[in-house]
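*Asks:* Contents are compact mmCIF, N, CA and C atoms; file name my_file_36.txt:
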# COMPACT_ATOMS: atom_id res chain seq x y z
N MET A 1 47.61 18.17 58.62
CA MET A 1 47.84 16.93 59.26
C MET A 1 46.76 16.62 60.28
N ASN A 2 46.19 17.57 60.81
CA ASN A 2 45.13 17.32 61.78
C ASN A 2 43.85 16.93 61.05
N ARG A 3 43.14 15.99 61.65
CA ARG A 3 41.88 15.56 61.07
C ARG A 3 40.75 16.27 61.77
N ARG A 4 39.70 16.25 61.08
CA ARG A 4 38.52 16.80 61.72
C ARG A 4 37.90 15.72 62.60
N ARG A 5 37.22 16.16 63.60
CA ARG A 5 36.64 15.21 64.54
C ARG A 5 35.49 14.42 63.92
N ASN A 6 34.83 14.87 62.97
CA ASN A 6 33.70 14.17 62.40
C ASN A 6 34.09 13.22 61.28
N GLU A 7 35.33 13.13 60.93
CA GLU A 7 35.81 12.17 59.93
C GLU A 7 35.94 10.78 60.58
N PRO A 8 35.56 9.71 59.84
CA PRO A 8 35.67 8.35 60.42
C PRO A 8 37.14 7.93 60.53
N ARG A 9 37.43 7.21 61.61
CA ARG A 9 38.81 6.76 61.85
C ARG A 9 38.87 5.23 61.70
N ASN A 10 39.01 4.75 60.54
CA ASN A 10 39.14 3.32 60.28
C ASN A 10 40.57 3.03 59.88
N SER A 11 41.30 2.49 60.83
CA SER A 11 42.67 2.13 60.50
C SER A 11 42.74 0.67 60.09
N GLY A 12 43.76 0.32 59.41
CA GLY A 12 43.94 -1.05 58.94
C GLY A 12 44.15 -2.03 60.08
N PHE A 13 44.76 -1.55 61.16
CA PHE A 13 45.03 -2.42 62.30
C PHE A 13 43.73 -2.87 62.96
N ILE A 14 42.78 -2.01 63.09
CA ILE A 14 41.50 -2.36 63.73
C ILE A 14 40.76 -3.40 62.87
N ILE A 15 40.75 -3.20 61.59
CA ILE A 15 40.08 -4.16 60.70
C ILE A 15 40.79 -5.51 60.75
N PHE A 16 42.11 -5.49 60.74
CA PHE A 16 42.88 -6.73 60.84
C PHE A 16 42.61 -7.44 62.16
N ALA A 17 42.56 -6.69 63.26
CA ALA A 17 42.30 -7.28 64.57
C ALA A 17 40.90 -7.89 64.61
N LEU A 18 39.91 -7.25 64.03
CA LEU A 18 38.56 -7.79 64.00
C LEU A 18 38.49 -9.08 63.17
N LEU A 19 39.16 -9.07 62.02
CA LEU A 19 39.17 -10.26 61.18
C LEU A 19 39.90 -11.42 61.89
N LEU A 20 41.00 -11.11 62.54
CA LEU A 20 41.74 -12.13 63.28
C LEU A 20 40.90 -12.69 64.42
N GLY A 21 40.20 -11.82 65.13
CA GLY A 21 39.32 -12.28 66.22
C GLY A 21 38.19 -13.15 65.70
N ALA A 22 37.60 -12.76 64.58
CA ALA A 22 36.53 -13.56 63.99
C ALA A 22 37.05 -14.92 63.55
N ALA A 23 38.25 -14.96 62.99
CA ALA A 23 38.84 -16.23 62.56
C ALA A 23 39.11 -17.13 63.77
N ILE A 24 39.59 -16.55 64.85
CA ILE A 24 39.87 -17.33 66.06
C ILE A 24 38.58 -17.89 66.64
N VAL A 25 37.53 -17.05 66.68
CA VAL A 25 36.24 -17.50 67.21
C VAL A 25 35.66 -18.61 66.31
N ALA A 26 35.75 -18.43 64.99
CA ALA A 26 35.23 -19.45 64.07
C ALA A 26 36.01 -20.76 64.22
N THR A 27 37.32 -20.68 64.33
CA THR A 27 38.14 -21.87 64.51
C THR A 27 37.80 -22.56 65.82
N GLY A 28 37.62 -21.78 66.86
CA GLY A 28 37.24 -22.35 68.16
C GLY A 28 35.89 -23.05 68.08
N GLY A 29 34.94 -22.47 67.37
CA GLY A 29 33.63 -23.11 67.22
C GLY A 29 33.72 -24.41 66.45
N VAL A 30 34.49 -24.41 65.37
CA VAL A 30 34.65 -25.63 64.59
C VAL A 30 35.34 -26.71 65.41
N LEU A 31 36.38 -26.36 66.14
CA LEU A 31 37.08 -27.34 66.98
C LEU A 31 36.17 -27.86 68.10
N HIS A 32 35.35 -26.99 68.66
CA HIS A 32 34.43 -27.42 69.71
C HIS A 32 33.45 -28.46 69.15
N VAL A 33 32.90 -28.20 67.98
CA VAL A 33 31.98 -29.15 67.35
C VAL A 33 32.70 -30.45 67.03
N TYR A 34 33.91 -30.38 66.51
CA TYR A 34 34.68 -31.57 66.16
C TYR A 34 34.94 -32.43 67.40
N TYR A 35 35.42 -31.81 68.49
CA TYR A 35 35.73 -32.55 69.70
C TYR A 35 34.48 -33.11 70.36
N LYS A 36 33.39 -32.37 70.33
CA LYS A 36 32.14 -32.85 70.92
C LYS A 36 31.63 -34.06 70.11
N ASN A 37 31.71 -33.98 68.78
CA ASN A 37 31.30 -35.10 67.94
C ASN A 37 32.17 -36.32 68.20
N ARG A 38 33.45 -36.11 68.33
CA ARG A 38 34.38 -37.22 68.61
C ARG A 38 34.07 -37.83 69.98
N GLN A 39 33.74 -37.00 70.96
CA GLN A 39 33.40 -37.49 72.29
C GLN A 39 32.14 -38.37 72.23
N ILE A 40 31.16 -37.97 71.44
CA ILE A 40 29.94 -38.76 71.29
C ILE A 40 30.25 -40.09 70.60
N GLN A 41 31.11 -40.06 69.58
CA GLN A 41 31.48 -41.29 68.88
C GLN A 41 32.19 -42.26 69.82
N VAL A 42 33.10 -41.75 70.63
CA VAL A 42 33.83 -42.61 71.58
C VAL A 42 32.87 -43.19 72.60
N ALA A 43 31.91 -42.39 73.08
CA ALA A 43 30.93 -42.90 74.04
C ALA A 43 30.10 -44.02 73.41
N ARG A 44 29.74 -43.87 72.14
CA ARG A 44 28.98 -44.92 71.45
C ARG A 44 29.82 -46.18 71.29
N GLU A 45 31.10 -46.02 70.97
CA GLU A 45 31.99 -47.18 70.84
C GLU A 45 32.12 -47.90 72.17
N ILE A 46 32.25 -47.15 73.25
CA ILE A 46 32.36 -47.76 74.58
C ILE A 46 31.08 -48.51 74.91
N ASP A 47 29.92 -47.94 74.61
CA ASP A 47 28.65 -48.62 74.86
C ASP A 47 28.55 -49.91 74.05
N ALA A 48 28.99 -49.87 72.79
CA ALA A 48 28.95 -51.06 71.95
C ALA A 48 29.86 -52.15 72.52
N ILE A 49 31.04 -51.76 73.00
CA ILE A 49 31.97 -52.72 73.59
C ILE A 49 31.38 -53.31 74.87
N ASP A 50 30.75 -52.47 75.69
CA ASP A 50 30.10 -52.96 76.91
C ASP A 50 29.00 -53.97 76.58
N ARG A 51 28.22 -53.69 75.54
CA ARG A 51 27.16 -54.63 75.15
C ARG A 51 27.76 -55.95 74.68
N ARG A 52 28.86 -55.88 73.91
CA ARG A 52 29.51 -57.12 73.46
C ARG A 52 30.07 -57.91 74.63
N VAL A 53 30.67 -57.23 75.60
CA VAL A 53 31.22 -57.92 76.77
C VAL A 53 30.10 -58.62 77.53
N GLU A 54 28.97 -57.94 77.72
CA GLU A 54 27.84 -58.55 78.42
C GLU A 54 27.31 -59.75 77.64
N GLN A 55 27.27 -59.63 76.32
CA GLN A 55 26.81 -60.76 75.50
C GLN A 55 27.78 -61.93 75.63
N TYR A 56 29.09 -61.66 75.65
CA TYR A 56 30.07 -62.73 75.82
C TYR A 56 29.93 -63.39 77.19
N ARG A 57 29.68 -62.59 78.22
CA ARG A 57 29.48 -63.16 79.56
C ARG A 57 28.25 -64.05 79.58
N LEU A 58 27.18 -63.61 78.93
CA LEU A 58 25.98 -64.42 78.85
C LEU A 58 26.25 -65.71 78.08
N ASP A 59 27.01 -65.61 76.99
CA ASP A 59 27.37 -66.81 76.21
C ASP A 59 28.19 -67.78 77.05
N ILE A 60 29.11 -67.25 77.85
CA ILE A 60 29.93 -68.10 78.72
C ILE A 60 29.06 -68.82 79.74
N ARG A 61 28.13 -68.08 80.36
CA ARG A 61 27.24 -68.71 81.35
C ARG A 61 26.37 -69.78 80.69
N THR A 62 25.89 -69.48 79.49
CA THR A 62 25.06 -70.46 78.77
C THR A 62 25.87 -71.70 78.43
N THR A 63 27.11 -71.51 77.99
CA THR A 63 27.97 -72.65 77.66
C THR A 63 28.28 -73.48 78.90
N GLU A 64 28.55 -72.83 80.01
CA GLU A 64 28.81 -73.56 81.25
C GLU A 64 27.59 -74.35 81.68
N MET A 65 26.40 -73.77 81.53
CA MET A 65 25.18 -74.47 81.88
C MET A 65 24.99 -75.69 80.98
N ARG A 66 25.24 -75.53 79.68
CA ARG A 66 25.11 -76.65 78.75
C ARG A 66 26.14 -77.74 79.07
N MET A 67 27.35 -77.34 79.43
CA MET A 67 28.37 -78.33 79.79
C MET A 67 27.94 -79.11 81.03
N ASP A 68 27.40 -78.40 82.01
CA ASP A 68 26.93 -79.08 83.22
C ASP A 68 25.80 -80.06 82.89
N GLN A 69 24.92 -79.66 81.98
CA GLN A 69 23.84 -80.56 81.59
C GLN A 69 24.39 -81.79 80.86
N LEU A 70 25.37 -81.57 79.98
CA LEU A 70 25.91 -82.70 79.21
C LEU A 70 26.76 -83.62 80.07
N LEU A 71 27.40 -83.10 81.11
CA LEU A 71 28.26 -83.91 81.96
C LEU A 71 27.54 -84.50 83.16
N ASN A 72 26.25 -84.30 83.24
CA ASN A 72 25.47 -84.86 84.32
C ASN A 72 25.44 -86.39 84.17
N ARG A 73 25.85 -87.11 85.22
CA ARG A 73 25.98 -88.56 85.10
C ARG A 73 24.64 -89.24 84.85
N PHE A 74 23.57 -88.69 85.39
CA PHE A 74 22.27 -89.31 85.16
C PHE A 74 21.80 -89.09 83.72
N ALA A 75 22.11 -87.91 83.17
CA ALA A 75 21.76 -87.65 81.77
C ALA A 75 22.58 -88.53 80.84
N ILE A 76 23.85 -88.73 81.16
CA ILE A 76 24.70 -89.60 80.35
C ILE A 76 24.19 -91.03 80.40
N ARG A 77 23.84 -91.48 81.61
CA ARG A 77 23.32 -92.85 81.76
C ARG A 77 22.04 -93.04 80.94
N LYS A 78 21.14 -92.07 81.01
CA LYS A 78 19.90 -92.15 80.25
C LYS A 78 20.17 -92.14 78.75
N GLN A 79 21.10 -91.30 78.33
CA GLN A 79 21.42 -91.22 76.90
C GLN A 79 22.04 -92.53 76.41
N LEU A 80 22.91 -93.13 77.23
CA LEU A 80 23.49 -94.43 76.85
C LEU A 80 22.40 -95.49 76.75
N ARG A 81 21.46 -95.48 77.69
CA ARG A 81 20.37 -96.45 77.67
C ARG A 81 19.49 -96.24 76.44
N ASP A 82 19.21 -94.97 76.12
CA ASP A 82 18.38 -94.67 74.95
C ASP A 82 19.06 -95.07 73.65
N ASN A 83 20.38 -94.95 73.60
CA ASN A 83 21.13 -95.30 72.39
C ASN A 83 21.38 -96.81 72.29
N GLY A 84 21.04 -97.54 73.32
CA GLY A 84 21.24 -98.99 73.28
C GLY A 84 22.70 -99.38 73.43
N SER A 85 23.46 -98.64 74.20
CA SER A 85 24.87 -98.93 74.38
C SER A 85 25.05 -100.18 75.22
N SER A 86 26.15 -100.86 74.99
CA SER A 86 26.46 -102.06 75.77
C SER A 86 27.24 -101.72 77.04
N LEU A 87 27.51 -100.46 77.29
CA LEU A 87 28.21 -100.06 78.51
C LEU A 87 27.28 -100.23 79.70
N ARG A 88 27.81 -100.80 80.77
CA ARG A 88 27.03 -101.03 81.98
C ARG A 88 27.77 -100.44 83.16
N PRO A 89 27.06 -100.04 84.20
CA PRO A 89 27.73 -99.51 85.40
C PRO A 89 28.52 -100.61 86.11
N ILE A 90 29.59 -100.23 86.76
CA ILE A 90 30.41 -101.18 87.51
C ILE A 90 30.32 -100.84 88.99
N SER A 91 30.62 -101.80 89.80
CA SER A 91 30.57 -101.55 91.24
C SER A 91 31.81 -100.78 91.68
N ILE A 92 31.70 -100.14 92.79
CA ILE A 92 32.81 -99.32 93.30
C ILE A 92 33.97 -100.22 93.74
N ALA A 93 33.70 -101.46 94.10
CA ALA A 93 34.76 -102.38 94.56
C ALA A 93 35.73 -102.70 93.43
N VAL A 94 35.30 -102.59 92.19
CA VAL A 94 36.15 -102.93 91.06
C VAL A 94 37.07 -101.77 90.70
N VAL A 95 36.72 -100.57 91.10
CA VAL A 95 37.49 -99.38 90.74
C VAL A 95 38.84 -99.42 91.43
N GLU A 96 39.89 -99.17 90.70
CA GLU A 96 41.25 -99.17 91.23
C GLU A 96 41.79 -97.75 91.19
N GLU A 97 42.23 -97.27 92.33
CA GLU A 97 42.78 -95.92 92.39
C GLU A 97 44.27 -95.98 92.09
N ILE A 98 44.73 -95.03 91.30
CA ILE A 98 46.14 -94.97 90.91
C ILE A 98 46.70 -93.66 91.44
N ASP A 99 47.82 -93.77 92.16
CA ASP A 99 48.46 -92.59 92.71
C ASP A 99 49.32 -91.95 91.61
N PRO A 100 49.01 -90.75 91.17
CA PRO A 100 49.80 -90.16 90.09
C PRO A 100 51.21 -89.77 90.52
N ALA A 101 51.44 -89.59 91.81
CA ALA A 101 52.77 -89.21 92.28
C ALA A 101 53.72 -90.42 92.28
N HIS A 102 53.18 -91.63 92.40
CA HIS A 102 54.00 -92.83 92.47
C HIS A 102 54.38 -93.26 91.05
N LYS A 103 55.68 -93.33 90.79
CA LYS A 103 56.18 -93.73 89.48
C LYS A 103 56.87 -95.08 89.63
N GLY A 104 56.11 -96.05 90.00
CA GLY A 104 56.68 -97.38 90.23
C GLY A 104 56.96 -98.11 88.93
N ASP A 105 57.45 -99.34 89.11
CA ASP A 105 57.76 -100.17 87.94
C ASP A 105 56.50 -100.74 87.32
N ARG A 106 55.43 -100.78 88.10
CA ARG A 106 54.20 -101.33 87.57
C ARG A 106 53.54 -100.32 86.64
N SER A 107 53.25 -100.76 85.49
CA SER A 107 52.51 -99.92 84.55
C SER A 107 51.59 -100.79 83.74
N VAL A 108 50.57 -100.18 83.22
CA VAL A 108 49.59 -100.94 82.45
C VAL A 108 50.18 -101.35 81.12
N ALA A 109 50.88 -100.45 80.49
CA ALA A 109 51.49 -100.77 79.19
C ALA A 109 52.97 -100.46 79.27
N SER A 110 53.75 -101.27 78.62
CA SER A 110 55.19 -101.02 78.59
C SER A 110 55.72 -101.29 77.21
N VAL A 111 56.84 -100.71 76.93
CA VAL A 111 57.47 -100.89 75.63
C VAL A 111 58.69 -101.76 75.84
N THR A 112 58.83 -102.76 75.03
CA THR A 112 59.97 -103.65 75.11
C THR A 112 60.91 -103.34 73.97
N ARG A 113 62.17 -103.11 74.31
CA ARG A 113 63.17 -102.83 73.28
C ARG A 113 64.01 -104.07 73.06
N THR A 114 64.28 -104.30 71.83
CA THR A 114 65.20 -105.39 71.51
C THR A 114 66.51 -104.78 71.08
N ALA A 115 67.58 -105.43 71.48
CA ALA A 115 68.91 -104.92 71.14
C ALA A 115 69.16 -105.13 69.65
N PRO A 116 69.76 -104.19 68.98
CA PRO A 116 70.04 -104.36 67.55
C PRO A 116 71.18 -105.27 67.26
Would you put the structure from the file into structure tokens?

*Replies:*
Amino acid sequence: MNRRRNEPRNSGFIIFALLLGAAIVATGGVLHVYYKNRQIQVAREIDAIDRRVEQYRLDIRTTEMRMDQLLNRFAIRKQLRDNGSSLRPISIAVVEEIDPAHKGDRSVASVTRTAP
């Protein structure tokens, strides 16, 4: 029953433990690569979204600038003159202010109902 000291001692448990350790290390390496790759992909997606947001902000500013240019009263007046429109400016004395809070009987248009 006694073994000699110079005989190799390879038990099945040691080999199993080494294989299990190697499998754990290999799985950890694969998971590390997977998570690192996913982290890089998410960072790229975030950068792409940031670029799109900045482009949308630039588009909004450009649209606001174009609206301001189109709504400029002097540009409208010049465009009407260039198009040969019959619209002419009116004096401020002719302008009538209407109070939106006042709901009086006076109205510009009214509907008349006839009894059936």

*Asks:* Find the smallest box with edges along x, y and z containing every listed atom of segment 28-31 of chain A, then add 5 Å on each side and report centre and edge lengths in Å to one decimal, as JSON.

*Replies:*
{"center_x": 35.6, "center_y": -24.8, "center_z": 66.4, "size_x": 14.0, "size_y": 16.1, "size_z": 13.6}

*Asks:* Between atom C of Leu58 of chain A and atom CA of Glu45 of chain A, what is the distance in Å, rounded to a tenth?

*Replies:* 20.7 Å

*Asks:* Would you please give, as a list in words, all residues of segment 67-105 of chain A that DSSP assigns to alpha helix (DSSP H) based on the backbone?

*Replies:*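 Output for segment 67-105 of chain A, alpha helix (DSSP H) only: Met67, Asp68, Gln69, Leu70, Arg73, Phe74, Ala75, Ile76, Arg77, Lys78, Gln79, Leu80, Arg81, Asp82 and Asn83 of chain A.
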
*Asks:* Report, in Å to a single decimal, how far apart atom CA of Gln69 of chain A and atom C of Gly84 of chain A are.

*Replies:*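 Separation of atom C of Gly84 of chain A and atom CA of Gln69 of chain A: 20.5 Å.
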
*Asks:* Figure out the distance between atom CA of Ile76 of chain A and atom CA of Arg88 of chain A, please, to one decimal in Å.

*Replies:*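 Here the two named atoms are 11.8 Å from each other.
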
*Asks:* Just add N, CA, C and O atoms to segment 83-98 of chain A and send it as an mmCIF file, keeping the file's coordinate frame.

*Replies:*
data_model
loop_
_atom_site.group_PDB
_atom_site.id
_atom_site.type_symbol
_atom_site.label_atom_id
_atom_site.label_comp_id
_atom_site.auth_asym_id
_atom_site.auth_seq_id
_atom_site.Cartn_x
_atom_site.Cartn_y
_atom_site.Cartn_z
ATOM 1 N N ASN A 83 20.380 -94.950 73.600
ATOM 2 C CA ASN A 83 21.130 -95.300 72.390
ATOM 3 C C ASN A 83 21.380 -96.810 72.290
ATOM 4 O O ASN A 83 21.910 -97.277 71.271
ATOM 5 N N GLY A 84 21.040 -97.540 73.320
ATOM 6 C CA GLY A 84 21.240 -98.990 73.280
ATOM 7 C C GLY A 84 22.700 -99.380 73.430
ATOM 8 O O GLY A 84 23.134 -100.377 72.856
ATOM 9 N N SER A 85 23.460 -98.640 74.200
ATOM 10 C CA SER A 85 24.870 -98.930 74.380
ATOM 11 C C SER A 85 25.050 -100.180 75.220
ATOM 12 O O SER A 85 24.229 -100.514 76.076
ATOM 13 N N SER A 86 26.150 -100.860 74.990
ATOM 14 C CA SER A 86 26.460 -102.060 75.770
ATOM 15 C C SER A 86 27.240 -101.720 77.040
ATOM 16 O O SER A 86 27.574 -102.616 77.810
ATOM 17 N N LEU A 87 27.510 -100.460 77.290
ATOM 18 C CA LEU A 87 28.210 -100.060 78.510
ATOM 19 C C LEU A 87 27.280 -100.230 79.700
ATOM 20 O O LEU A 87 26.107 -99.895 79.652
ATOM 21 N N ARG A 88 27.810 -100.800 80.770
ATOM 22 C CA ARG A 88 27.030 -101.030 81.980
ATOM 23 C C ARG A 88 27.770 -100.440 83.160
ATOM 24 O O ARG A 88 29.003 -100.353 83.163
ATOM 25 N N PRO A 89 27.060 -100.040 84.200
ATOM 26 C CA PRO A 89 27.730 -99.510 85.400
ATOM 27 C C PRO A 89 28.520 -100.610 86.110
ATOM 28 O O PRO A 89 28.167 -101.789 86.037
ATOM 29 N N ILE A 90 29.590 -100.230 86.760
ATOM 30 C CA ILE A 90 30.410 -101.180 87.510
ATOM 31 C C ILE A 90 30.320 -100.840 88.990
ATOM 32 O O ILE A 90 30.004 -99.706 89.364
ATOM 33 N N SER A 91 30.620 -101.800 89.800
ATOM 34 C CA SER A 91 30.570 -101.550 91.240
ATOM 35 C C SER A 91 31.810 -100.780 91.680
ATOM 36 O O SER A 91 32.860 -100.823 91.029
ATOM 37 N N ILE A 92 31.700 -100.140 92.790
ATOM 38 C CA ILE A 92 32.810 -99.320 93.300
ATOM 39 C C ILE A 92 33.970 -100.220 93.740
ATOM 40 O O ILE A 92 35.132 -99.805 93.715
ATOM 41 N N ALA A 93 33.700 -101.460 94.100
ATOM 42 C CA ALA A 93 34.760 -102.380 94.560
ATOM 43 C C ALA A 93 35.730 -102.700 93.430
ATOM 44 O O ALA A 93 36.887 -103.024 93.682
ATOM 45 N N VAL A 94 35.300 -102.590 92.190
ATOM 46 C CA VAL A 94 36.150 -102.930 91.060
ATOM 47 C C VAL A 94 37.070 -101.770 90.700
ATOM 48 O O VAL A 94 38.126 -101.965 90.094
ATOM 49 N N VAL A 95 36.720 -100.570 91.100
ATOM 50 C CA VAL A 95 37.490 -99.380 90.740
ATOM 51 C C VAL A 95 38.840 -99.420 91.430
ATOM 52 O O VAL A 95 38.941 -99.675 92.624
ATOM 53 N N GLU A 96 39.890 -99.170 90.700
ATOM 54 C CA GLU A 96 41.250 -99.170 91.230
ATOM 55 C C GLU A 96 41.790 -97.750 91.190
ATOM 56 O O GLU A 96 41.783 -97.104 90.152
ATOM 57 N N GLU A 97 42.230 -97.270 92.330
ATOM 58 C CA GLU A 97 42.780 -95.920 92.390
ATOM 59 C C GLU A 97 44.270 -95.980 92.090
ATOM 60 O O GLU A 97 44.981 -96.853 92.582
ATOM 61 N N ILE A 98 44.730 -95.030 91.300
ATOM 62 C CA ILE A 98 46.140 -94.970 90.910
ATOM 63 C C ILE A 98 46.700 -93.660 91.440
ATOM 64 O O ILE A 98 46.147 -92.594 91.219
#
